[in-house]
$ cat final08.txt   # compact mmCIF, C-alpha atoms and all ligand atoms
# COMPACT_ATOMS: atom_id res chain seq x y z
CA MET K 1 90.80 56.80 87.76
CA PRO K 2 91.82 58.72 84.58
CA SER K 3 90.88 62.19 85.83
CA THR K 4 90.07 63.29 89.37
CA SER K 5 89.09 66.65 90.76
CA VAL K 6 89.95 67.41 94.38
CA PHE K 7 88.30 70.51 95.79
CA GLY K 8 87.83 72.19 99.15
CA ALA K 9 84.28 71.79 100.46
CA GLN K 10 84.47 74.55 103.10
CA TRP K 11 86.31 77.92 103.23
CA GLY K 12 89.74 76.61 102.26
CA ASP K 13 92.47 75.18 104.51
CA GLU K 14 90.71 71.81 104.62
CA GLY K 15 94.00 69.91 104.40
CA LYS K 16 93.84 69.41 100.64
CA GLY K 17 97.62 69.44 100.30
CA LYS K 18 98.08 66.15 102.09
CA ILE K 19 95.23 64.40 100.24
CA ILE K 20 96.38 65.71 96.88
CA ASP K 21 99.87 64.55 97.73
CA ARG K 22 98.48 61.08 98.43
CA LEU K 23 96.40 60.92 95.24
CA ALA K 24 99.28 62.38 93.24
CA ARG K 25 101.14 59.10 93.71
CA GLU K 26 98.72 57.42 91.31
CA ALA K 27 98.51 60.34 88.86
CA ASP K 28 100.75 61.12 85.90
CA ILE K 29 99.88 64.80 85.91
CA VAL K 30 98.84 67.21 88.67
CA ALA K 31 97.19 70.42 87.46
CA ARG K 32 96.10 73.66 89.05
CA TYR K 33 93.38 75.63 87.30
CA GLN K 34 92.50 78.63 89.49
CA GLY K 35 93.67 80.88 92.31
CA GLY K 36 97.22 82.00 92.78
CA ALA K 37 99.73 82.43 95.58
CA ASN K 38 96.82 83.06 97.96
CA ALA K 39 96.75 79.28 98.42
CA GLY K 40 99.07 77.50 100.79
CA HIS K 41 99.26 73.75 100.60
CA THR K 42 101.23 72.19 103.41
CA VAL K 43 102.69 68.73 102.88
CA VAL K 44 104.81 66.93 105.48
CA VAL K 45 107.25 64.37 104.06
CA ALA K 46 109.56 62.56 106.48
CA ASP K 47 109.40 65.40 109.02
CA GLU K 48 110.17 67.94 106.30
CA LYS K 49 107.42 70.51 105.89
CA TYR K 50 106.77 71.94 102.43
CA VAL K 51 104.42 74.87 101.92
CA LEU K 52 103.57 75.35 98.26
CA HIS K 53 101.67 78.42 97.10
CA LEU K 54 101.68 78.07 93.32
CA ILE K 55 103.42 74.90 92.25
CA PRO K 56 101.20 71.78 92.41
CA SER K 57 102.00 69.31 95.19
CA GLY K 58 102.93 66.66 92.59
CA ILE K 59 106.34 68.34 92.38
CA LEU K 60 107.34 66.39 95.49
CA HIS K 61 106.92 63.13 93.53
CA PRO K 62 109.56 62.34 90.93
CA GLY K 63 108.29 61.69 87.41
CA LYS K 64 105.05 63.68 87.57
CA ILE K 65 104.19 66.57 85.29
CA ASN K 66 102.88 69.57 87.21
CA VAL K 67 100.69 72.00 85.33
CA ILE K 68 99.86 75.61 86.15
CA GLY K 69 96.83 76.14 83.93
CA ASN K 70 95.61 79.26 82.16
CA GLY K 71 93.07 79.97 84.92
CA VAL K 72 95.76 80.42 87.58
CA ALA K 73 96.84 83.98 88.40
CA VAL K 74 100.63 83.67 88.31
CA ASP K 75 102.88 85.92 90.35
CA PRO K 76 106.13 85.25 88.46
CA LEU K 77 108.28 86.40 91.37
CA VAL K 78 106.63 83.92 93.74
CA LEU K 79 106.82 81.18 91.14
CA LEU K 80 110.55 81.55 90.62
CA GLU K 81 111.14 81.87 94.35
CA GLU K 82 109.30 78.60 94.85
CA VAL K 83 111.33 76.93 92.07
CA ASP K 84 114.56 78.12 93.72
CA GLY K 85 113.39 77.02 97.17
CA LEU K 86 112.59 73.51 95.96
CA ARG K 87 115.90 73.21 94.10
CA GLN K 88 117.77 74.28 97.22
CA ARG K 89 116.12 71.38 99.06
CA GLY K 90 117.29 68.97 96.39
CA ILE K 91 114.07 68.69 94.36
CA ALA K 92 114.64 68.89 90.62
CA VAL K 93 112.37 71.42 88.89
CA ASP K 94 112.61 72.04 85.16
CA GLY K 95 110.47 72.19 82.03
CA SER K 96 110.00 68.41 82.15
CA ASN K 97 108.13 68.37 85.48
CA LEU K 98 106.69 71.89 85.66
CA VAL K 99 104.76 73.57 82.85
CA VAL K 100 103.02 76.92 82.93
CA SER K 101 100.30 78.07 80.56
CA ALA K 102 101.20 80.94 78.24
CA GLY K 103 97.64 82.13 78.76
CA ALA K 104 97.79 82.39 82.56
CA HIS K 105 97.35 85.96 83.76
CA LEU K 106 100.19 87.65 85.59
CA ILE K 107 100.02 89.16 89.02
CA LEU K 108 102.35 92.15 88.93
CA GLU K 109 103.45 94.45 91.73
CA HIS K 110 100.72 97.01 91.06
CA HIS K 111 98.08 94.28 91.57
CA LYS K 112 99.46 93.50 95.00
CA ARG K 113 99.59 97.19 95.91
CA LEU K 114 96.03 97.76 94.67
CA ASP K 115 94.78 94.73 96.61
CA ILE K 116 96.08 96.24 99.84
CA LEU K 117 94.96 99.79 99.01
CA SER K 118 91.49 98.65 98.05
CA GLU K 119 91.11 96.78 101.33
CA ARG K 120 92.23 99.90 103.20
CA TRP K 121 89.72 101.94 101.21
CA LYS K 122 86.88 99.57 102.12
CA GLY K 123 87.67 99.91 105.85
CA THR K 124 85.26 97.88 107.94
CA GLY K 125 83.66 96.56 104.73
CA ARG K 126 86.94 94.86 103.75
CA ILE K 127 87.03 91.26 102.52
CA GLY K 128 90.13 90.28 104.44
CA THR K 129 92.06 89.22 101.34
CA THR K 130 95.48 87.61 101.47
CA GLY K 131 96.93 90.76 99.85
CA ARG K 132 98.47 88.69 97.06
CA GLY K 133 96.90 90.73 94.23
CA ILE K 134 94.34 88.08 93.34
CA GLY K 135 91.23 90.29 92.96
CA PRO K 136 92.93 93.08 90.96
CA ALA K 137 94.60 90.56 88.59
CA TYR K 138 91.35 88.69 87.87
CA ALA K 139 89.55 92.04 87.51
CA ASP K 140 92.05 92.99 84.78
CA LYS K 141 91.47 89.63 83.11
CA CYS K 142 87.73 90.35 82.92
CA SER K 143 88.35 93.96 81.88
CA ARG K 144 90.59 92.61 79.11
CA THR K 145 93.54 94.70 80.23
CA GLY K 146 95.55 91.90 81.88
CA LEU K 147 99.04 90.76 80.96
CA ARG K 148 99.70 87.07 80.49
CA VAL K 149 102.66 84.75 80.97
CA GLY K 150 103.15 84.62 77.19
CA ASP K 151 103.57 88.42 77.12
CA LEU K 152 106.60 88.12 79.39
CA LEU K 153 108.44 86.16 76.72
CA ASP K 154 108.39 89.05 74.26
CA ALA K 155 110.05 92.09 75.85
CA ASP K 156 108.67 94.66 73.36
CA ARG K 157 105.14 93.42 73.69
CA PHE K 158 105.44 93.22 77.46
CA ARG K 159 106.67 96.80 77.66
CA GLU K 160 103.91 98.10 75.43
CA ARG K 161 101.16 96.37 77.42
CA LEU K 162 102.71 97.23 80.78
CA GLU K 163 102.88 100.90 79.84
CA ALA K 164 99.25 100.93 78.70
CA THR K 165 98.05 99.37 81.95
CA LEU K 166 100.36 101.28 84.31
CA ILE K 167 99.06 104.64 83.08
CA GLU K 168 95.63 103.73 84.38
CA LYS K 169 96.79 101.92 87.52
CA ASN K 170 99.13 104.76 88.47
CA ALA K 171 96.28 107.23 88.15
CA TRP K 172 94.28 105.13 90.64
CA ILE K 173 97.19 104.69 92.99
CA ALA K 174 98.12 108.37 93.01
CA LYS K 175 94.78 110.13 92.61
CA VAL K 176 92.36 107.86 94.46
CA HIS K 177 94.65 106.39 97.10
CA GLY K 178 97.19 109.24 97.35
CA GLU K 179 100.15 106.87 97.13
CA GLU K 180 103.37 106.84 95.13
CA PRO K 181 102.85 105.57 91.54
CA PHE K 182 105.05 102.87 89.97
CA ASP K 183 107.92 103.80 87.68
CA LEU K 184 107.44 102.17 84.27
CA GLU K 185 111.15 101.65 83.64
CA GLN K 186 111.77 100.02 87.03
CA SER K 187 108.74 97.75 86.73
CA PHE K 188 109.71 96.79 83.21
CA GLN K 189 113.30 95.96 84.18
CA ARG K 190 112.13 93.95 87.17
CA TYR K 191 109.89 91.67 85.14
CA ALA K 192 111.66 91.63 81.78
CA ALA K 193 114.66 90.06 83.51
CA ILE K 194 112.63 87.05 84.61
CA GLY K 195 110.92 86.36 81.29
CA GLU K 196 113.98 84.44 80.20
CA ARG K 197 113.95 82.31 83.33
CA LEU K 198 110.28 81.47 82.87
CA ALA K 199 110.55 80.60 79.19
CA PRO K 200 111.57 76.91 79.63
CA PHE K 201 108.38 76.23 81.60
CA VAL K 202 105.89 77.88 79.23
CA ARG K 203 103.62 75.61 77.19
CA ASP K 204 100.12 75.20 75.78
CA THR K 205 98.99 73.35 78.88
CA GLY K 206 95.39 72.76 77.71
CA ALA K 207 96.63 70.82 74.68
CA LEU K 208 99.01 68.87 76.92
CA LEU K 209 96.18 67.87 79.28
CA ARG K 210 93.73 66.91 76.54
CA ARG K 211 96.28 64.83 74.66
CA SER K 212 97.58 63.16 77.78
CA TYR K 213 94.04 62.16 78.76
CA ALA K 214 93.37 60.80 75.27
CA GLU K 215 96.54 58.71 75.59
CA GLY K 216 95.27 57.20 78.84
CA ARG K 217 97.38 59.16 81.31
CA SER K 218 95.78 60.08 84.62
CA ILE K 219 95.28 63.66 85.72
CA LEU K 220 94.65 65.07 89.17
CA PHE K 221 93.08 68.54 89.25
CA GLU K 222 94.16 70.30 92.41
CA GLY K 223 91.65 72.87 93.66
CA ALA K 224 92.80 75.78 95.78
CA GLN K 225 90.74 77.65 98.38
CA GLY K 226 87.28 76.19 99.04
CA MET K 227 83.84 76.07 97.51
CA LEU K 228 82.38 78.58 99.98
CA LEU K 229 84.99 81.05 98.66
CA ASP K 230 83.90 80.40 95.05
CA LEU K 231 83.27 83.63 93.14
CA ASP K 232 79.84 82.52 91.95
CA HIS K 233 78.62 80.07 94.57
CA GLY K 234 80.36 81.14 97.76
CA THR K 235 79.46 83.73 100.38
CA TYR K 236 79.76 86.64 97.94
CA PRO K 237 81.23 89.25 98.26
CA TYR K 238 83.41 87.55 100.89
CA VAL K 239 84.95 85.21 98.37
CA THR K 240 88.03 84.84 96.24
CA SER K 241 87.99 85.82 92.55
CA SER K 242 87.93 82.43 90.84
CA ASN K 243 85.80 79.29 90.52
CA THR K 244 87.29 76.97 93.07
CA GLY K 245 85.40 73.74 92.39
CA VAL K 246 85.00 71.24 89.58
CA GLY K 247 83.28 73.93 87.48
CA GLY K 248 86.53 75.91 87.27
CA ILE K 249 88.40 73.11 85.49
CA GLY K 250 86.91 73.64 82.03
CA PRO K 251 87.79 77.30 81.65
CA GLY K 252 90.82 77.23 83.97
CA ALA K 253 92.63 74.23 82.50
CA GLY K 254 91.32 74.05 78.93
CA PHE K 255 90.07 70.55 79.72
CA PRO K 256 86.58 69.29 78.78
CA PRO K 257 84.33 69.03 81.87
CA SER K 258 82.72 65.93 80.31
CA LYS K 259 86.03 64.10 80.83
CA ILE K 260 86.26 64.64 84.58
CA ASP K 261 85.76 61.14 85.90
CA ARG K 262 85.72 61.60 89.66
CA ALA K 263 85.20 64.47 92.11
CA ILE K 264 86.40 64.29 95.71
CA GLY K 265 85.63 67.00 98.26
CA ILE K 266 87.81 67.70 101.28
CA ALA K 267 86.37 68.97 104.55
CA LYS K 268 87.65 69.17 108.10
CA ALA K 269 85.83 67.43 110.93
CA TYR K 270 85.07 71.00 112.09
CA CYS K 271 85.20 74.34 110.24
CA THR K 272 87.61 77.25 109.88
CA ARG K 273 87.65 80.47 107.93
CA VAL K 274 90.18 83.28 107.44
CA GLY K 275 89.13 86.76 106.44
CA GLU K 276 85.75 88.38 106.82
CA GLY K 277 82.32 87.05 105.91
CA PRO K 278 79.60 84.77 107.20
CA PHE K 279 80.55 81.71 109.21
CA PRO K 280 77.32 80.43 110.74
CA SER K 281 78.81 77.69 112.94
CA GLU K 282 81.69 79.83 114.26
CA ASP K 283 82.43 79.37 117.96
CA HIS K 284 83.48 82.70 119.47
CA GLY K 285 84.10 81.21 122.90
CA ALA K 286 86.65 79.04 124.65
CA GLN K 287 85.82 75.96 122.55
CA GLY K 288 86.63 77.84 119.33
CA GLU K 289 89.90 78.94 120.90
CA ARG K 290 90.64 75.34 121.86
CA LEU K 291 90.01 74.14 118.30
CA ARG K 292 92.47 76.79 117.05
CA GLU K 293 95.20 75.70 119.45
CA LEU K 294 94.69 71.95 119.03
CA GLY K 295 94.39 72.22 115.23
CA CYS K 296 97.24 74.80 114.88
CA GLU K 297 94.76 76.89 112.94
CA TYR K 298 96.97 79.67 111.64
CA GLY K 299 97.07 80.57 107.92
CA ALA K 300 99.78 78.86 105.80
CA THR K 301 100.02 81.94 103.56
CA THR K 302 99.48 84.91 105.88
CA GLY K 303 99.93 83.40 109.36
CA ARG K 304 96.58 84.90 110.41
CA PRO K 305 94.71 83.05 113.19
CA ARG K 306 91.81 81.20 111.60
CA ARG K 307 88.27 81.63 112.88
CA CYS K 308 87.10 78.25 114.21
CA GLY K 309 83.76 76.54 114.63
CA TRP K 310 81.86 73.32 114.23
CA PHE K 311 81.22 71.08 111.25
CA ASP K 312 78.44 72.56 109.16
CA ALA K 313 76.37 69.82 107.55
CA VAL K 314 74.16 72.35 105.73
CA SER K 315 76.98 73.99 103.79
CA ALA K 316 78.82 70.66 103.25
CA ARG K 317 75.71 69.15 101.66
CA TYR K 318 75.51 72.19 99.40
CA THR K 319 79.14 72.21 98.27
CA LEU K 320 79.32 68.45 97.70
CA GLU K 321 76.09 68.51 95.70
CA LEU K 322 77.23 71.54 93.69
CA ASN K 323 80.33 69.65 92.62
CA GLY K 324 78.65 66.30 92.06
CA ALA K 325 81.11 64.80 94.54
CA ASP K 326 81.51 61.02 94.40
CA GLY K 327 82.92 61.04 97.90
CA TRP K 328 84.71 63.23 100.43
CA VAL K 329 87.62 63.12 102.80
CA MET K 330 87.19 64.14 106.42
CA THR K 331 90.44 65.67 107.69
CA ASN K 332 91.70 66.61 111.18
CA LEU K 333 89.47 64.11 112.97
CA ASP K 334 92.22 63.78 115.60
CA VAL K 335 91.80 67.46 116.56
CA LEU K 336 88.37 66.63 118.02
CA THR K 337 89.87 64.14 120.48
CA SER K 338 89.29 65.23 124.10
CA PHE K 339 86.15 67.31 123.52
CA GLU K 340 83.38 66.11 125.88
CA GLU K 341 80.74 66.78 123.26
CA ILE K 342 81.03 67.70 119.58
CA PRO K 343 78.43 70.06 118.15
CA VAL K 344 77.45 69.90 114.45
CA ALA K 345 75.32 72.48 112.60
CA VAL K 346 72.30 70.70 111.15
CA ALA K 347 70.15 73.70 110.09
CA TYR K 348 70.19 77.51 110.00
CA GLU K 349 67.72 79.93 111.45
CA ALA K 350 67.26 83.56 110.49
CA ARG K 351 64.39 85.98 110.97
CA GLY K 352 62.25 83.24 112.44
CA GLU K 353 62.74 80.94 109.46
CA ARG K 354 64.50 77.59 109.52
CA TYR K 355 66.76 76.56 106.61
CA ALA K 356 67.64 72.91 106.16
CA GLU K 357 69.18 73.74 102.77
CA TYR K 358 71.99 76.24 102.27
CA PRO K 359 70.42 79.64 101.49
CA ALA K 360 71.94 81.30 98.40
CA SER K 361 71.30 84.67 100.08
CA LEU K 362 73.53 83.79 103.03
CA PRO K 363 75.63 86.96 103.15
CA SER K 364 72.52 89.08 103.48
CA LEU K 365 70.94 86.96 106.20
CA ASP K 366 71.83 89.12 109.14
CA GLY K 367 71.95 87.47 112.52
CA ILE K 368 71.90 83.93 111.16
CA GLU K 369 71.90 81.31 113.91
CA VAL K 370 72.73 77.65 113.60
CA VAL K 371 70.82 74.73 115.04
CA LEU K 372 73.50 72.59 116.69
CA GLU K 373 73.20 68.94 117.59
CA LYS K 374 75.77 67.47 119.93
CA ARG K 375 77.48 64.10 119.64
CA PRO K 376 79.52 62.40 122.38
CA GLY K 377 83.29 62.86 122.12
CA TRP K 378 86.17 60.43 122.82
CA LYS K 379 89.38 60.62 124.86
CA GLU K 380 91.65 58.07 123.17
CA ASP K 381 94.53 59.26 120.98
CA ILE K 382 93.58 58.29 117.41
CA THR K 383 96.65 59.59 115.57
CA GLY K 384 98.09 56.06 115.33
CA VAL K 385 94.89 54.39 114.10
CA ARG K 386 95.05 53.09 110.51
CA ARG K 387 91.97 50.84 110.30
CA TYR K 388 88.45 52.15 110.64
CA GLU K 389 87.37 49.42 113.01
CA ASP K 390 90.16 50.42 115.43
CA LEU K 391 88.70 53.88 116.02
CA PRO K 392 86.91 54.42 119.34
CA GLN K 393 83.21 53.70 119.06
CA ALA K 394 82.30 57.38 119.68
CA ALA K 395 84.61 58.52 116.85
CA ARG K 396 83.02 56.03 114.44
CA ALA K 397 79.56 57.13 115.56
CA TYR K 398 80.52 60.77 114.89
CA VAL K 399 81.87 59.97 111.41
CA GLU K 400 78.83 57.89 110.46
CA TRP K 401 76.37 60.41 111.80
CA VAL K 402 78.02 63.26 109.87
CA GLU K 403 78.17 61.11 106.74
CA GLU K 404 74.45 60.43 107.02
CA ALA K 405 73.68 64.13 107.62
CA VAL K 406 75.70 65.14 104.56
CA GLY K 407 74.53 62.35 102.27
CA THR K 408 77.83 61.68 100.45
CA PRO K 409 80.19 58.83 101.44
CA ILE K 410 83.36 59.60 103.39
CA VAL K 411 86.09 57.77 101.47
CA LEU K 412 89.10 58.61 103.67
CA LEU K 413 89.77 59.95 107.15
CA SER K 414 92.85 61.92 108.08
CA VAL K 415 94.12 61.69 111.66
CA GLY K 416 97.36 63.70 111.59
CA PRO K 417 99.62 65.77 109.35
CA GLU K 418 101.94 62.97 108.16
CA ARG K 419 101.39 61.31 104.77
CA ASP K 420 100.55 57.95 106.31
CA GLN K 421 98.17 59.21 109.02
CA VAL K 422 95.03 58.19 107.15
CA ILE K 423 92.24 55.65 107.47
CA PRO K 424 90.94 54.46 104.08
CA ARG K 425 87.21 53.93 103.64
CA GLY K 426 87.00 53.63 99.86
CA ILE K 427 90.12 55.19 98.30
P1 LIG K 501 91.94 86.67 98.10
O1 LIG K 501 91.80 85.33 97.46
O2 LIG K 501 93.34 86.97 98.56
O3 LIG K 501 91.36 87.77 97.26
O4 LIG K 501 91.07 86.65 99.44
C1 LIG K 501 89.64 86.55 99.42
C2 LIG K 501 89.15 85.70 100.59
O5 LIG K 501 89.54 84.36 100.38
C3 LIG K 501 89.72 86.11 101.94
O6 LIG K 501 88.76 85.86 102.94
C4 LIG K 501 90.89 85.15 102.13
O7 LIG K 501 91.21 84.96 103.48
C5 LIG K 501 90.31 83.89 101.50
N1 LIG K 501 91.34 82.98 100.98
C6 LIG K 501 92.06 83.10 99.87
N2 LIG K 501 92.88 82.05 99.70
C7 LIG K 501 92.65 81.23 100.73
C8 LIG K 501 93.17 79.93 101.09
O8 LIG K 501 94.00 79.33 100.41
N3 LIG K 501 92.68 79.41 102.24
C9 LIG K 501 91.73 80.03 102.99
N4 LIG K 501 91.21 81.22 102.68
C10 LIG K 501 91.67 81.81 101.55
$ encode --input "final08.txt" --output "structure tokens"
Amino acid sequence: MPSTSVFGAQWGDEGKGKIIDRLAREADIVARYQGGANAGHTVVVADEKYVLHLIPSGILHPGKINVIGNGVAVDPLVLLEEVDGLRQRGIAVDGSNLVVSAGAHLILEHHKRLDILSERWKGTGRIGTTGRGIGPAYADKCSRTGLRVGDLLDADRFRERLEATLIEKNAWIAKVHGEEPFDLEQSFQRYAAIGERLAPFVRDTGALLRRSYAEGRSILFEGAQGMLLDLDHGTYPYVTSSNTGVGGIGPGAGFPPSKIDRAIGIAKAYCTRVGEGPFPSEDHGAQGERLRELGCEYGATTGRPRRCGWFDAVSARYTLELNGADGWVMTNLDVLTSFEEIPVAVAYEARGERYAEYPASLPSLDGIEVVLEKRPGWKEDITGVRRYEDLPQAARAYVEWVEEAVGTPIVLLSVGPERDQVIPRGI
């Protein structure tokens, strides 16, 4: 397929890294278009675990071009650290396999500080951000005061723009939050020194993507976070600050949405969420705890324990429809092995009303309850299964019932963290 979008259909951490890694084998280019180092894609290759925060997973495949598009919020320190880390493990990274948009906004140290201070300020109303400076950097982009990767390549321009922004940020840091302001000279020296190192990677990535597509090369757009964390369509305000789905590709990659040929959603066989905000099918009891332990549900970026609960057919229907998904991948099916019964959320209830469709006003629906239906579980280890017909009957019944409830075909099942632990059903 010439261009494919892969997006998270829940609250992030759906196991996109592994699926993107698989699809990357057939792609010429892997591109990110939103988010920043708040993401954490884990890929296991021959017992080696790679956690990538900014660099697309295609970097683990020789010969692919990996693009960090203009819509990504780039923390240049994290980017270079990741480049160094990969090189130390013997993976070649240079301007031929990694390109960064000159128009991508920078996350600088004051963004990270302000992210943390703003969360502290909000107290119990906090969002539970990753503290990576995402919100403050995107806020500057919209306020038209942000600095971009291209600015780093011109020291005079960078200094001028940094000074202009730091005056305001320092006033916030010192006067509102009562903390130590940043020193312009130190900040400037810290970042100016890395401009030179970044220069070989910087390109007009939109032009590269459009031309490559026109020449018949295949592109994989790698979504970060998940659709329920989307700035516009997620559980606002408990969201991230970018458009995480297919809709983010146009503005975030400089690629025409009319040329996106296929959209694939990724969702776990149950649900997790990190940070605050609504999670209707969350299980606060022993079963939720068991899901966390069996699924090793701890954040790849922050190490925070993830909140766990059951598959939510209402929100999955919504996110897959919103993205016009052609199919979806169900991940972590193996984690459900050994549960007697597996509940699935099939509707919501709030204030005496039943919702079969995802309510756009979800964050304000206090005391939302889910209607759960239970399916029989299975006891057999399925991590070694590679053909659909070899799955236990109860596992197949669960998959088919969920597929029916969601209304979009499941094209692949994932039954373990390794690259080959998958069961194809269409891709
Ligand atoms: P931010 O993106 O750091 O501003 O965080 C906003 C919300 O999105 C918080 O609830 C985070 O926990 C969540 N979030 C951000 N990135 C990820 C991710 O990659 N996986 C899961 N949750 C995420």
$ residues_near_ligand --input "final08.txt" --ligand "ligand LIG 501 (chain K)" --cutoff "7 Å" --atoms "all atoms listed in the file" --output "PyMOL selection string"
chain K and resi 11-13+38-40+127-135+224-225+229+238-241+273-276
$ atom_distance --input "final08.txt" --atom1 "CA of Leu60 (chain K)" --atom2 "CA of Ala104 (chain K)"
22.7 Å
$ axis_aligned_box --input "final08.txt" --around "region 150-154 of chain K" --padding-each-side "8 Å" --output "lines of an AutoDock Vina configuration file"
center_x = 105.8
center_y = 86.8
center_z = 76.8
size_x = 21.3
size_y = 20.4
size_z = 21.1
$ atom_distance --input "final08.txt" --atom1 "CA of Leu77 (chain K)" --atom2 "CA of Ile194 (chain K)"
8.1 Å
$ closest_residue --input "final08.txt" --among "K:Thr145, K:Thr337, K:Gln10, K:Ser187" --to "Tyr398 (chain K)" --atoms "only C-alpha atoms"
K:Thr337
$ decode --input "final08.txt" --residues "region 116-128 of chain K" --atoms "N, CA, C and O atoms" --output "tab-separated table (two decimals), in the first residue's frame"
chain	number	residue	atom	x	y	z
K	116	ILE	N	5.91	21.09	34.28
K	116	ILE	CA	5.87	20.57	35.65
K	116	ILE	C	5.25	21.60	36.62
K	116	ILE	O	4.41	21.27	37.45
K	117	LEU	N	5.64	22.88	36.45
K	117	LEU	CA	5.10	23.91	37.34
K	117	LEU	C	3.60	24.09	37.14
K	117	LEU	O	2.86	24.29	38.10
K	118	SER	N	3.17	23.99	35.90
K	118	SER	CA	1.75	24.19	35.62
K	118	SER	C	0.92	23.04	36.21
K	118	SER	O	-0.18	23.25	36.72
K	119	GLU	N	1.46	21.84	36.16
K	119	GLU	CA	0.77	20.70	36.78
K	119	GLU	C	0.69	20.90	38.30
K	119	GLU	O	-0.34	20.62	38.91
K	120	ARG	N	1.79	21.40	38.88
K	120	ARG	CA	1.80	21.64	40.33
K	120	ARG	C	0.75	22.69	40.68
K	120	ARG	O	0.02	22.57	41.64
K	121	TRP	N	0.69	23.71	39.85
K	121	TRP	CA	-0.26	24.82	40.04
K	121	TRP	C	-1.70	24.31	40.01
K	121	TRP	O	-2.55	24.72	40.79
K	122	LYS	N	-1.97	23.37	39.10
K	122	LYS	CA	-3.34	22.86	38.94
K	122	LYS	C	-3.75	21.96	40.12
K	122	LYS	O	-4.93	21.77	40.37
K	123	GLY	N	-2.78	21.41	40.82
K	123	GLY	CA	-3.08	20.56	41.99
K	123	GLY	C	-3.93	19.37	41.61
K	123	GLY	O	-3.59	18.61	40.69
K	124	THR	N	-5.07	19.20	42.28
K	124	THR	CA	-5.90	18.03	42.02
K	124	THR	C	-6.53	18.09	40.62
K	124	THR	O	-6.99	17.09	40.11
K	125	GLY	N	-6.54	19.26	40.00
K	125	GLY	CA	-7.09	19.38	38.64
K	125	GLY	C	-6.06	19.08	37.57
K	125	GLY	O	-6.29	19.33	36.39
K	126	ARG	N	-4.89	18.54	37.97
K	126	ARG	CA	-3.81	18.30	37.01
K	126	ARG	C	-4.23	17.28	35.93
K	126	ARG	O	-5.16	16.49	36.15
K	127	ILE	N	-3.48	17.32	34.82
K	127	ILE	CA	-3.77	16.42	33.70
K	127	ILE	C	-3.01	15.10	33.85
K	127	ILE	O	-3.44	14.06	33.38
K	128	GLY	N	-1.89	15.18	34.56
K	128	GLY	CA	-1.04	13.99	34.68
K	128	GLY	C	-0.16	13.86	33.46
K	128	GLY	O	-0.01	12.77	32.89
